[in-house]
Amino acid sequence: MSRRPNGLFLSQWKYTLDILSETGLLGAKPSSSHIDQHHHLALDDGPLYSDSSQYHRLIARVIYLTITHPELCYLVHVLAQFMQSPRVSHWKDALRVLRYIKGHPGQGIFLRRDSALHLTVCCDFDRASWPLSHCSLTGYFIFLGCSHISGKTKKQYTVSRSSAEAE
């Protein structure tokens with residue numbers, strides 16, 4: 001956290017560099033995006049990744065990093081679905097996330113001093129998009145004034161076809 005004349009800036013810069021150093025990507029070329037738009041991670045049936053505990057540790061660390069990198073919420077949600085049996089492609093996509101973060105290590109949340117203290121929530125969903133279970137995904141972002149402070153993506157297991165059916 002650093003105090004600025006016009007607000008507070010929250011960053012996980014050192015934590016980001018620690019992750020990059022631990023995985024050996026400190027000298028890697030940064031990636032311009034963190035995921036392919038039309039990814040097929042859920043349908044991948046390639047070879048299993050040999051060290052699932054390494055995958056678990058990396059995903060857990062990146063989950064914590066989403067506090068200051070909200071654009072990673074969806075992708076981390078997707079990658080976390082494969083903790084039981086990660087594939088080599090899942091590991092490569094997790095490393096792509098780190099190469100994306102390498103290009104933005106000091107990104108953070110800026111809380112403006114003059115911002116109104118009101119919460120705004122933006123929500124969106126897509127119907128039956130998860131290819132394995134055909135569950136819907138719901139995502140939301142929370143803003144404090146004009147500062148993004150939180151976000152989440154979640155699978156919806158129960159779907160009703162109409163509001164009358166739900167009652």
# chains A, B, ... in the order shown; residues from 1 in each chain; ligands from 1
call {"tool": "select_by_dssp", "arguments": {"residues": "segment 33-117 of chain A", "states": "strand (DSSP E)", "output": "list in words"}}
result
Gly108, Ile109, Phe110, Leu111 and Arg112 of chain A
call {"tool": "select_by_dssp", "arguments": {"residues": "chain A", "states": "helix (DSSP H, G or I)", "output": "ChimeraX atom specification"}}
result
/A:13-23,41-43,52-65,70-80,88-102,163-166
call {"tool": "atom_distance", "arguments": {"atom1": "atom CA of Leu17 of chain A", "atom2": "atom CA of His77 of chain A"}}
result
22.0 Å
call {"tool": "atom_distance", "arguments": {"atom1": "atom CA of Gln156 of chain A", "atom2": "atom CA of Cys135 of chain A"}}
result
5.8 Å
call {"tool": "closest_residue", "arguments": {"among": "A:Thr66, A:Ser32, A:Gln54, A:Thr153", "to": "Lys102 of chain A", "atoms": "only C-alpha atoms"}}
result
A:Ser32
call {"tool": "residues_around", "arguments": {"residues": "segment 104-119 of chain A", "least_positions_apart": "3", "cutoff": "10 Å", "atoms": "only C-alpha atoms", "output": "mmCIF file with N, CA, C and O atoms, in the first residue's frame"}}
result
data_model
loop_
_atom_site.group_PDB
_atom_site.id
_atom_site.type_symbol
_atom_site.label_atom_id
_atom_site.label_comp_id
_atom_site.auth_asym_id
_atom_site.auth_seq_id
_atom_site.Cartn_x
_atom_site.Cartn_y
_atom_site.Cartn_z
ATOM 1 N N MET A 1 0.851 -1.174 0.000
ATOM 2 C CA MET A 1 0.000 0.000 0.000
ATOM 3 C C MET A 1 0.898 1.240 0.000
ATOM 4 O O MET A 1 1.891 1.300 0.719
ATOM 5 N N SER A 2 0.515 2.178 -0.828
ATOM 6 C CA SER A 2 1.246 3.447 -0.810
ATOM 7 C C SER A 2 0.234 4.589 -0.784
ATOM 8 O O SER A 2 -0.790 4.540 -1.454
ATOM 9 N N ARG A 3 0.545 5.563 0.034
ATOM 10 C CA ARG A 3 -0.321 6.745 0.128
ATOM 11 C C ARG A 3 0.085 7.734 -0.944
ATOM 12 O O ARG A 3 1.271 7.981 -1.166
ATOM 13 N N ARG A 4 -0.919 8.247 -1.589
ATOM 14 C CA ARG A 4 -0.713 9.272 -2.603
ATOM 15 C C ARG A 4 -1.558 10.479 -2.201
ATOM 16 O O ARG A 4 -2.507 10.343 -1.423
ATOM 17 N N PRO A 5 -1.260 11.662 -2.738
ATOM 18 C CA PRO A 5 -2.044 12.844 -2.361
ATOM 19 C C PRO A 5 -3.533 12.702 -2.686
ATOM 20 O O PRO A 5 -4.380 13.236 -1.988
ATOM 21 N N ASN A 6 -3.846 11.925 -3.730
ATOM 22 C CA ASN A 6 -5.244 11.807 -4.135
ATOM 23 C C ASN A 6 -5.863 10.456 -3.773
ATOM 24 O O ASN A 6 -6.951 10.128 -4.239
ATOM 25 N N GLY A 7 -5.202 9.629 -2.940
ATOM 26 C CA GLY A 7 -5.796 8.370 -2.516
ATOM 27 C C GLY A 7 -4.770 7.326 -2.100
ATOM 28 O O GLY A 7 -3.606 7.636 -1.847
ATOM 29 N N LEU A 8 -5.222 6.085 -2.036
ATOM 30 C CA LEU A 8 -4.382 4.952 -1.661
ATOM 31 C C LEU A 8 -4.229 4.014 -2.855
ATOM 32 O O LEU A 8 -5.190 3.749 -3.578
ATOM 33 N N PHE A 9 -3.025 3.473 -3.021
ATOM 34 C CA PHE A 9 -2.783 2.516 -4.087
ATOM 35 C C PHE A 9 -2.378 1.190 -3.455
ATOM 36 O O PHE A 9 -1.396 1.110 -2.722
ATOM 37 N N LEU A 10 -3.175 0.143 -3.699
ATOM 38 C CA LEU A 10 -2.905 -1.187 -3.171
ATOM 39 C C LEU A 10 -2.308 -2.036 -4.284
ATOM 40 O O LEU A 10 -2.903 -2.165 -5.353
ATOM 41 N N SER A 11 -1.146 -2.619 -4.031
ATOM 42 C CA SER A 11 -0.467 -3.411 -5.044
ATOM 43 C C SER A 11 0.176 -4.632 -4.397
ATOM 44 O O SER A 11 0.520 -4.600 -3.213
ATOM 45 N N GLN A 12 0.338 -5.692 -5.167
ATOM 46 C CA GLN A 12 1.024 -6.892 -4.706
ATOM 47 C C GLN A 12 2.295 -7.085 -5.530
ATOM 48 O O GLN A 12 2.618 -8.184 -5.948
ATOM 49 N N TRP A 13 3.009 -6.011 -5.746
ATOM 50 C CA TRP A 13 4.190 -6.007 -6.598
ATOM 51 C C TRP A 13 5.229 -7.025 -6.134
ATOM 52 O O TRP A 13 5.694 -7.851 -6.913
ATOM 53 N N LYS A 14 5.597 -7.004 -4.868
ATOM 54 C CA LYS A 14 6.612 -7.933 -4.358
ATOM 55 C C LYS A 14 6.118 -9.373 -4.432
ATOM 56 O O LYS A 14 6.862 -10.280 -4.816
ATOM 57 N N TYR A 15 4.865 -9.599 -4.084
ATOM 58 C CA TYR A 15 4.282 -10.946 -4.149
ATOM 59 C C TYR A 15 4.325 -11.471 -5.586
ATOM 60 O O TYR A 15 4.662 -12.627 -5.823
ATOM 61 N N THR A 16 4.007 -10.601 -6.549
ATOM 62 C CA THR A 16 4.062 -10.966 -7.968
ATOM 63 C C THR A 16 5.476 -11.370 -8.355
ATOM 64 O O THR A 16 5.685 -12.398 -9.004
ATOM 65 N N LEU A 17 6.456 -10.576 -7.976
ATOM 66 C CA LEU A 17 7.849 -10.897 -8.304
ATOM 67 C C LEU A 17 8.311 -12.185 -7.625
ATOM 68 O O LEU A 17 9.088 -12.950 -8.208
ATOM 69 N N LEU A 20 6.921 -15.061 -9.733
ATOM 70 C CA LEU A 20 7.681 -15.171 -10.981
ATOM 71 C C LEU A 20 9.066 -15.764 -10.733
ATOM 72 O O LEU A 20 9.549 -16.596 -11.508
ATOM 73 N N PRO A 30 7.042 -11.268 -21.506
ATOM 74 C CA PRO A 30 5.648 -11.068 -21.088
ATOM 75 C C PRO A 30 4.661 -11.426 -22.204
ATOM 76 O O PRO A 30 4.974 -11.320 -23.384
ATOM 77 N N SER A 31 3.481 -11.853 -21.799
ATOM 78 C CA SER A 31 2.397 -12.165 -22.741
ATOM 79 C C SER A 31 1.441 -10.979 -22.786
ATOM 80 O O SER A 31 1.179 -10.342 -21.771
ATOM 81 N N SER A 32 0.899 -10.698 -23.958
ATOM 82 C CA SER A 32 -0.011 -9.554 -24.091
ATOM 83 C C SER A 32 -1.425 -9.880 -23.610
ATOM 84 O O SER A 32 -2.206 -8.985 -23.305
ATOM 85 N N LEU A 65 -3.656 -13.489 -5.867
ATOM 86 C CA LEU A 65 -3.242 -12.365 -6.703
ATOM 87 C C LEU A 65 -4.428 -11.678 -7.394
ATOM 88 O O LEU A 65 -4.324 -10.528 -7.797
ATOM 89 N N THR A 66 -5.560 -12.359 -7.508
ATOM 90 C CA THR A 66 -6.727 -11.742 -8.162
ATOM 91 C C THR A 66 -7.273 -10.548 -7.380
ATOM 92 O O THR A 66 -8.074 -9.792 -7.914
ATOM 93 N N ILE A 67 -6.835 -10.369 -6.150
ATOM 94 C CA ILE A 67 -7.263 -9.204 -5.374
ATOM 95 C C ILE A 67 -6.870 -7.921 -6.101
ATOM 96 O O ILE A 67 -7.653 -6.974 -6.162
ATOM 97 N N THR A 68 -5.667 -7.894 -6.663
ATOM 98 C CA THR A 68 -5.217 -6.698 -7.373
ATOM 99 C C THR A 68 -5.204 -6.887 -8.888
ATOM 100 O O THR A 68 -4.845 -5.953 -9.607
ATOM 101 N N HIS A 69 -5.565 -8.055 -9.361
ATOM 102 C CA HIS A 69 -5.673 -8.332 -10.796
ATOM 103 C C HIS A 69 -7.059 -8.907 -11.077
ATOM 104 O O HIS A 69 -7.208 -10.096 -11.365
ATOM 105 N N PRO A 70 -8.104 -8.095 -10.992
ATOM 106 C CA PRO A 70 -9.473 -8.620 -11.142
ATOM 107 C C PRO A 70 -9.761 -9.212 -12.526
ATOM 108 O O PRO A 70 -10.662 -10.024 -12.669
ATOM 109 N N LEU A 98 1.052 -16.128 -15.679
ATOM 110 C CA LEU A 98 2.212 -15.501 -15.037
ATOM 111 C C LEU A 98 2.981 -14.607 -16.006
ATOM 112 O O LEU A 98 3.454 -13.544 -15.618
ATOM 113 N N ARG A 99 3.085 -15.028 -17.266
ATOM 114 C CA ARG A 99 3.767 -14.179 -18.246
ATOM 115 C C ARG A 99 2.959 -12.906 -18.502
ATOM 116 O O ARG A 99 3.524 -11.841 -18.726
ATOM 117 N N TYR A 100 1.632 -12.991 -18.445
ATOM 118 C CA TYR A 100 0.784 -11.793 -18.563
ATOM 119 C C TYR A 100 1.027 -10.877 -17.363
ATOM 120 O O TYR A 100 1.206 -9.670 -17.514
ATOM 121 N N ILE A 101 1.043 -11.451 -16.170
ATOM 122 C CA ILE A 101 1.270 -10.672 -14.948
ATOM 123 C C ILE A 101 2.652 -10.022 -14.972
ATOM 124 O O ILE A 101 2.831 -8.920 -14.469
ATOM 125 N N ILE A 142 -17.503 -5.573 -8.143
ATOM 126 C CA ILE A 142 -17.958 -4.603 -7.146
ATOM 127 C C ILE A 142 -17.034 -3.397 -7.190
ATOM 128 O O ILE A 142 -15.811 -3.532 -7.188
ATOM 129 N N PHE A 143 -17.649 -2.218 -7.228
ATOM 130 C CA PHE A 143 -16.908 -0.964 -7.252
ATOM 131 C C PHE A 143 -17.241 -0.175 -5.999
ATOM 132 O O PHE A 143 -18.392 -0.116 -5.575
ATOM 133 N N LEU A 144 -16.231 0.447 -5.402
ATOM 134 C CA LEU A 144 -16.411 1.408 -4.320
ATOM 135 C C LEU A 144 -16.122 2.758 -4.940
ATOM 136 O O LEU A 144 -14.973 3.066 -5.255
ATOM 137 N N GLY A 145 -17.170 3.530 -5.170
ATOM 138 C CA GLY A 145 -17.024 4.764 -5.945
ATOM 139 C C GLY A 145 -16.643 4.382 -7.361
ATOM 140 O O GLY A 145 -17.339 3.621 -8.013
ATOM 141 N N CYS A 146 -15.503 4.838 -7.826
ATOM 142 C CA CYS A 146 -15.047 4.482 -9.171
ATOM 143 C C CYS A 146 -13.909 3.470 -9.140
ATOM 144 O O CYS A 146 -13.287 3.197 -10.160
ATOM 145 N N SER A 147 -13.634 2.879 -7.976
ATOM 146 C CA SER A 147 -12.529 1.934 -7.832
ATOM 147 C C SER A 147 -13.052 0.502 -7.774
ATOM 148 O O SER A 147 -13.912 0.184 -6.948
ATOM 149 N N HIS A 148 -12.519 -0.357 -8.629
ATOM 150 C CA HIS A 148 -12.881 -1.767 -8.608
ATOM 151 C C HIS A 148 -12.239 -2.421 -7.393
ATOM 152 O O HIS A 148 -11.033 -2.333 -7.206
ATOM 153 N N ILE A 149 -13.063 -3.063 -6.537
ATOM 154 C CA ILE A 149 -12.500 -3.644 -5.317
ATOM 155 C C ILE A 149 -12.684 -5.159 -5.216
ATOM 156 O O ILE A 149 -12.020 -5.792 -4.410
ATOM 157 N N SER A 150 -13.563 -5.747 -6.021
ATOM 158 C CA SER A 150 -13.753 -7.188 -5.913
ATOM 159 C C SER A 150 -14.453 -7.727 -7.151
ATOM 160 O O SER A 150 -15.092 -6.984 -7.901
#
call {"tool": "closest_residue", "arguments": {"among": "A:Ile19, A:Cys123, A:Ala28, A:Ile63", "to": "Leu79 of chain A", "atoms": "only C-alpha atoms"}}
result
A:Ile63
call {"tool": "atom_distance", "arguments": {"atom1": "atom CA of Leu95 of chain A", "atom2": "atom CA of Lys29 of chain A"}}
result
11.4 Å
